[in-house]
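Undergrad: Sharing a structure below in structure tokens format, with a few things to ask.
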Amino acid sequence: QLQLVESGGGVVQPGGSLRLACKASGFILDHYVIGWFRQAPGKEREGVGCISNTDDMRNYADSVKGRFTISTDSAKKMVHLQMSSLNPEDTAVYYCGFSYVQSDTYCSLRRLDYVYWGQGTQVTVSS
């Protein structure tokens with residue numbers, strides 16, 4: 001059974017950095033997408049960024065462009081989210097999700113395109 005496990009959350013001061021990891025297991029596919037989403041209290045889950053396992057597609061939300069970077073280690077089925085210049089508005093539970101490839105040119109940041117989810121990891125940005 002396909003599983004996703006996030007790790008790396010914690011408390012960080014404004015301006016700081018944090019690196020999240022998403023480990024996928026329980027499937028064999030040549031091409032798939034892993035996305036990072038976040039959900040703050042009282043808000044909808046929103047897409048942060050996504051990447052294909054072959055690293056031929058990446059996409060970022062405007063709110064994190066230039067601050068967050070997604071990378072993949074396809075052999076290990078690992079995806080990392082490097083977050084820099086964090087601010088209190090980045091505080092949320094961060095989830096990774098699994099999506100089948102929807103397009104040849106981009107990966108989706110729509111929540112409905114993702115069919116499996118991890119349990120989430122809390123990121124708190126506070127002084």
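If you're wondering about the labels, chains in the structure tokens are A, B, ... by order shown, residues count from 1 in each chain, ligands from 1 in order shown.
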Fewer than 4 positions away in the same chain doesn't count, so skip those; otherwise give me all residues within 12 Å of Ala75 (chain A), counting only C-alpha atoms, as JSON, numbers by chain.

TA: {"A": [23, 24, 25, 28, 29, 30, 53, 54, 55, 79]}

Undergrad: Please write the residues from the selection above to a file, keeping C-alpha atoms, as a tab-separated table (two decimals), in the first residue's frame.

TA:
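Okay, part01.tsv is ready:
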```tsv
chain	number	residue	atom	x	y	z
A	23	LYS	CA	9.50	9.39	2.10
A	24	ALA	CA	7.27	7.44	-0.27
A	25	SER	CA	6.92	3.66	-0.30
A	28	ILE	CA	6.42	0.89	-8.34
A	29	LEU	CA	5.90	3.57	-11.01
A	30	ASP	CA	8.15	5.07	-13.65
A	53	ASN	CA	10.28	11.84	-9.59
A	54	THR	CA	12.32	12.28	-12.79
A	55	ASP	CA	12.79	15.98	-11.95
A	79	VAL	CA	11.44	14.47	-1.83
```

Undergrad: My list of candidates is A:Thr69, A:Ser7, A:Ser74, A:Ser108. Which is closest to Glu46 (chain A) when distances are computed with only C-alpha atoms?

TA: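 Using only C-alpha atoms, the shortest distance to Glu46 (chain A) belongs to A:Ser108.
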
Undergrad: Determine which residues of chain A DSSP labels as strand (DSSP E or B) from the backbone of this structure, then write them out as a ChimeraX atom specification.

TA: /A:3-7,10-12,18-25,32-39,46-52,58-60,68-73,78-83,92-100,116-117,121-125

Undergrad: Using 12 Å as the limit and counting only C-alpha atoms, can you tabulate each residue of region 34-90 of chain A that touches region 109-119 of chain A, with its shortest atom-to-atom distance in Å and the two atoms involved, as a Markdown table?

TA:
```
| residue | atom | partner | partner_atom | distance |
| --- | --- | --- | --- | --- |
| A:Ile34 | CA | A:Tyr114 | CA | 8.5 |
| A:Gly35 | CA | A:Leu109 | CA | 7.0 |
| A:Trp36 | CA | A:Leu109 | CA | 8.4 |
| A:Phe37 | CA | A:Arg111 | CA | 8.0 |
| A:Arg38 | CA | A:Arg111 | CA | 10.4 |
| A:Gln39 | CA | A:Arg111 | CA | 11.3 |
| A:Glu44 | CA | A:Arg111 | CA | 9.8 |
| A:Arg45 | CA | A:Arg111 | CA | 7.4 |
| A:Glu46 | CA | A:Arg111 | CA | 7.1 |
| A:Gly47 | CA | A:Leu109 | CA | 4.8 |
| A:Val48 | CA | A:Leu109 | CA | 7.1 |
| A:Gly49 | CA | A:Leu109 | CA | 6.6 |
| A:Cys50 | CA | A:Leu109 | CA | 6.8 |
| A:Ile51 | CA | A:Leu109 | CA | 10.0 |
| A:Met57 | CA | A:Leu109 | CA | 11.9 |
| A:Arg58 | CA | A:Leu109 | CA | 10.1 |
| A:Asn59 | CA | A:Leu109 | CA | 7.6 |
| A:Tyr60 | CA | A:Leu109 | CA | 7.9 |
| A:Ala61 | CA | A:Leu109 | CA | 7.8 |
| A:Asp62 | CA | A:Leu109 | CA | 11.2 |
```

Undergrad: Can you tell me, as a PyMOL selection string, what residues are no more than 8 Å from Val11 (chain A) when counting only C-alpha atoms, ignoring any on the same chain fewer than 4 positions away?

TA: chain A and resi 123-126

Undergrad: May I have the residues from that selection written out with N, CA and C atoms, as a PDB file, in the first residue's frame?

TA:
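Result went into result04.pdb, see below:
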```
ATOM      1  N   VAL A 123       5.137  23.016  11.174  1.00  0.00           N
ATOM      2  CA  VAL A 123       6.177  24.039  11.060  1.00  0.00           C
ATOM      3  C   VAL A 123       5.654  25.301  11.729  1.00  0.00           C
ATOM      4  N   THR A 124       6.407  25.797  12.700  1.00  0.00           N
ATOM      5  CA  THR A 124       6.023  27.010  13.416  1.00  0.00           C
ATOM      6  C   THR A 124       7.149  28.022  13.308  1.00  0.00           C
ATOM      7  N   VAL A 125       6.806  29.195  12.792  1.00  0.00           N
ATOM      8  CA  VAL A 125       7.780  30.272  12.662  1.00  0.00           C
ATOM      9  C   VAL A 125       7.421  31.343  13.682  1.00  0.00           C
ATOM     10  N   SER A 126       8.271  31.481  14.691  1.00  0.00           N
ATOM     11  CA  SER A 126       7.953  32.391  15.783  1.00  0.00           C
ATOM     12  C   SER A 126       9.223  32.821  16.484  1.00  0.00           C
TER      13      SER A 126
END
```

Undergrad: I'd like the neighbourhood of Thr121 (chain A) as an mmCIF file with N, CA and C atoms, in the first residue's frame, where a residue qualifies if any of its atoms comes within 6 Å (using only C-alpha atoms), though same-chain residues fewer than 2 positions away should be ignored.

TA:
```cif
data_model
loop_
_atom_site.group_PDB
_atom_site.id
_atom_site.type_symbol
_atom_site.label_atom_id
_atom_site.label_comp_id
_atom_site.auth_asym_id
_atom_site.auth_seq_id
_atom_site.Cartn_x
_atom_site.Cartn_y
_atom_site.Cartn_z
ATOM 1 N N GLY A 9 9.767 18.814 10.544
ATOM 2 C CA GLY A 9 9.123 20.016 11.048
ATOM 3 C C GLY A 9 9.703 20.450 12.383
ATOM 4 N N VAL A 93 0.686 23.188 9.164
ATOM 5 C CA VAL A 93 1.019 21.773 9.035
ATOM 6 C C VAL A 93 1.341 21.530 7.564
ATOM 7 N N TYR A 94 2.493 20.951 7.315
ATOM 8 C CA TYR A 94 2.934 20.690 5.951
ATOM 9 C C TYR A 94 2.711 19.211 5.626
#
```

Undergrad: Rounded to one decimal place, report the CA of Gly16 (chain A)-CA of Thr72 (chain A) distance in Å.

TA: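 Rounded to one decimal, the two atoms are 22.1 Å apart.
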
Undergrad: So which residues touch region 82-91 of chain A within 10 Å, counting only C-alpha atoms, skipping near sequence neighbours fewer than 6 positions away, as JSON, numbers by chain?

TA: {"A": [10, 11, 12, 13, 14, 15, 16, 17, 18, 19, 20, 21, 38, 39, 40, 41, 63, 64, 66, 67, 68, 69, 70, 71, 122, 123, 124, 125, 126, 127]}

Undergrad: Save the residues we just selected, N, CA, C and O atoms, as a short mmCIF file (atom, residue, chain, number, x, y, z; two decimals), in the first residue's frame?

TA:
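And here's selection.cif as it stands now:
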```cif
data_model
loop_
_atom_site.label_atom_id
_atom_site.label_comp_id
_atom_site.auth_asym_id
_atom_site.auth_seq_id
_atom_site.Cartn_x
_atom_site.Cartn_y
_atom_site.Cartn_z
N GLY A 10 9.32 21.65 12.81
CA GLY A 10 9.79 22.15 14.09
C GLY A 10 9.50 23.63 14.23
O GLY A 10 8.70 24.20 13.48
N VAL A 11 10.16 24.22 15.21
CA VAL A 11 10.01 25.65 15.50
C VAL A 11 11.26 26.37 15.02
O VAL A 11 12.39 25.94 15.31
N VAL A 12 11.06 27.48 14.31
CA VAL A 12 12.19 28.23 13.78
C VAL A 12 11.87 29.72 13.89
O VAL A 12 10.70 30.12 13.84
N GLN A 13 12.89 30.52 14.04
CA GLN A 13 12.70 31.97 14.16
C GLN A 13 12.49 32.59 12.77
O GLN A 13 12.93 32.03 11.76
N PRO A 14 11.81 33.72 12.72
CA PRO A 14 11.65 34.42 11.43
C PRO A 14 13.00 34.66 10.77
O PRO A 14 13.97 35.03 11.43
N GLY A 15 13.04 34.43 9.48
CA GLY A 15 14.28 34.55 8.74
C GLY A 15 15.09 33.27 8.69
O GLY A 15 16.08 33.18 7.94
N GLY A 16 14.67 32.28 9.44
CA GLY A 16 15.41 31.03 9.52
C GLY A 16 15.05 30.06 8.40
O GLY A 16 14.26 30.37 7.50
N SER A 17 15.65 28.87 8.47
CA SER A 17 15.47 27.84 7.45
C SER A 17 15.09 26.52 8.09
O SER A 17 15.38 26.27 9.26
N LEU A 18 14.46 25.70 7.27
CA LEU A 18 14.05 24.37 7.72
C LEU A 18 13.97 23.48 6.49
O LEU A 18 13.64 23.95 5.39
N ARG A 19 14.29 22.21 6.67
CA ARG A 19 14.24 21.25 5.56
C ARG A 19 13.30 20.11 5.92
O ARG A 19 13.52 19.41 6.92
N LEU A 20 12.28 19.95 5.11
CA LEU A 20 11.33 18.86 5.30
C LEU A 20 11.65 17.72 4.34
O LEU A 20 12.18 17.93 3.25
N ALA A 21 11.30 16.50 4.77
CA ALA A 21 11.49 15.32 3.94
C ALA A 21 10.18 14.56 3.81
O ALA A 21 9.38 14.53 4.74
N ARG A 38 0.32 22.89 2.48
CA ARG A 38 0.30 23.32 3.88
C ARG A 38 -1.10 23.78 4.24
O ARG A 38 -1.87 24.24 3.39
N GLN A 39 -1.39 23.65 5.52
CA GLN A 39 -2.69 24.06 6.02
C GLN A 39 -2.52 24.77 7.35
O GLN A 39 -2.07 24.16 8.33
N ALA A 40 -2.85 26.05 7.36
CA ALA A 40 -2.82 26.83 8.59
C ALA A 40 -4.19 26.73 9.26
O ALA A 40 -5.19 26.45 8.61
N PRO A 41 -4.24 26.97 10.57
CA PRO A 41 -5.53 26.90 11.29
C PRO A 41 -6.60 27.78 10.65
O PRO A 41 -6.35 28.95 10.36
N SER A 63 3.73 32.48 -3.52
CA SER A 63 4.07 32.93 -2.17
C SER A 63 5.39 32.38 -1.67
O SER A 63 5.94 32.90 -0.69
N VAL A 64 5.92 31.35 -2.32
CA VAL A 64 7.16 30.74 -1.83
C VAL A 64 8.29 30.78 -2.86
O VAL A 64 9.41 30.37 -2.56
N GLY A 66 11.40 31.58 -4.85
CA GLY A 66 12.62 32.24 -4.42
C GLY A 66 13.02 31.95 -2.98
O GLY A 66 14.13 32.28 -2.57
N ARG A 67 12.11 31.35 -2.22
CA ARG A 67 12.41 31.03 -0.81
C ARG A 67 12.44 29.52 -0.57
O ARG A 67 13.20 29.05 0.28
N PHE A 68 11.59 28.79 -1.27
CA PHE A 68 11.49 27.34 -1.09
C PHE A 68 12.04 26.63 -2.32
O PHE A 68 11.86 27.10 -3.45
N THR A 69 12.68 25.50 -2.08
CA THR A 69 13.21 24.68 -3.18
C THR A 69 12.86 23.22 -2.94
O THR A 69 13.09 22.70 -1.84
N ILE A 70 12.34 22.59 -3.96
CA ILE A 70 12.02 21.17 -3.90
C ILE A 70 13.07 20.38 -4.65
O ILE A 70 13.53 20.81 -5.72
N SER A 71 13.45 19.24 -4.08
CA SER A 71 14.39 18.35 -4.76
C SER A 71 13.94 16.91 -4.56
O SER A 71 13.17 16.61 -3.64
N GLN A 122 4.35 19.63 11.60
CA GLN A 122 4.09 21.01 11.99
C GLN A 122 5.33 21.88 11.80
O GLN A 122 6.42 21.51 12.24
N VAL A 123 5.14 23.02 11.17
CA VAL A 123 6.18 24.04 11.06
C VAL A 123 5.65 25.30 11.73
O VAL A 123 4.59 25.81 11.36
N THR A 124 6.41 25.80 12.70
CA THR A 124 6.02 27.01 13.42
C THR A 124 7.15 28.02 13.31
O THR A 124 8.30 27.72 13.66
N VAL A 125 6.81 29.20 12.79
CA VAL A 125 7.78 30.27 12.66
C VAL A 125 7.42 31.34 13.68
O VAL A 125 6.39 32.01 13.57
N SER A 126 8.27 31.48 14.69
CA SER A 126 7.95 32.39 15.78
C SER A 126 9.22 32.82 16.48
O SER A 126 10.17 32.06 16.60
N SER A 127 9.21 34.06 16.96
CA SER A 127 10.34 34.55 17.74
C SER A 127 10.10 34.31 19.22
O SER A 127 10.96 34.62 20.05
#
```

Undergrad: May I ask which of the residues A:Tyr100, A:Tyr106, A:Phe27, A:Tyr95 is the closest one to Leu2 (chain A), counting only C-alpha atoms?

TA: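 For Leu2 (chain A), the nearest of the candidates is A:Phe27.
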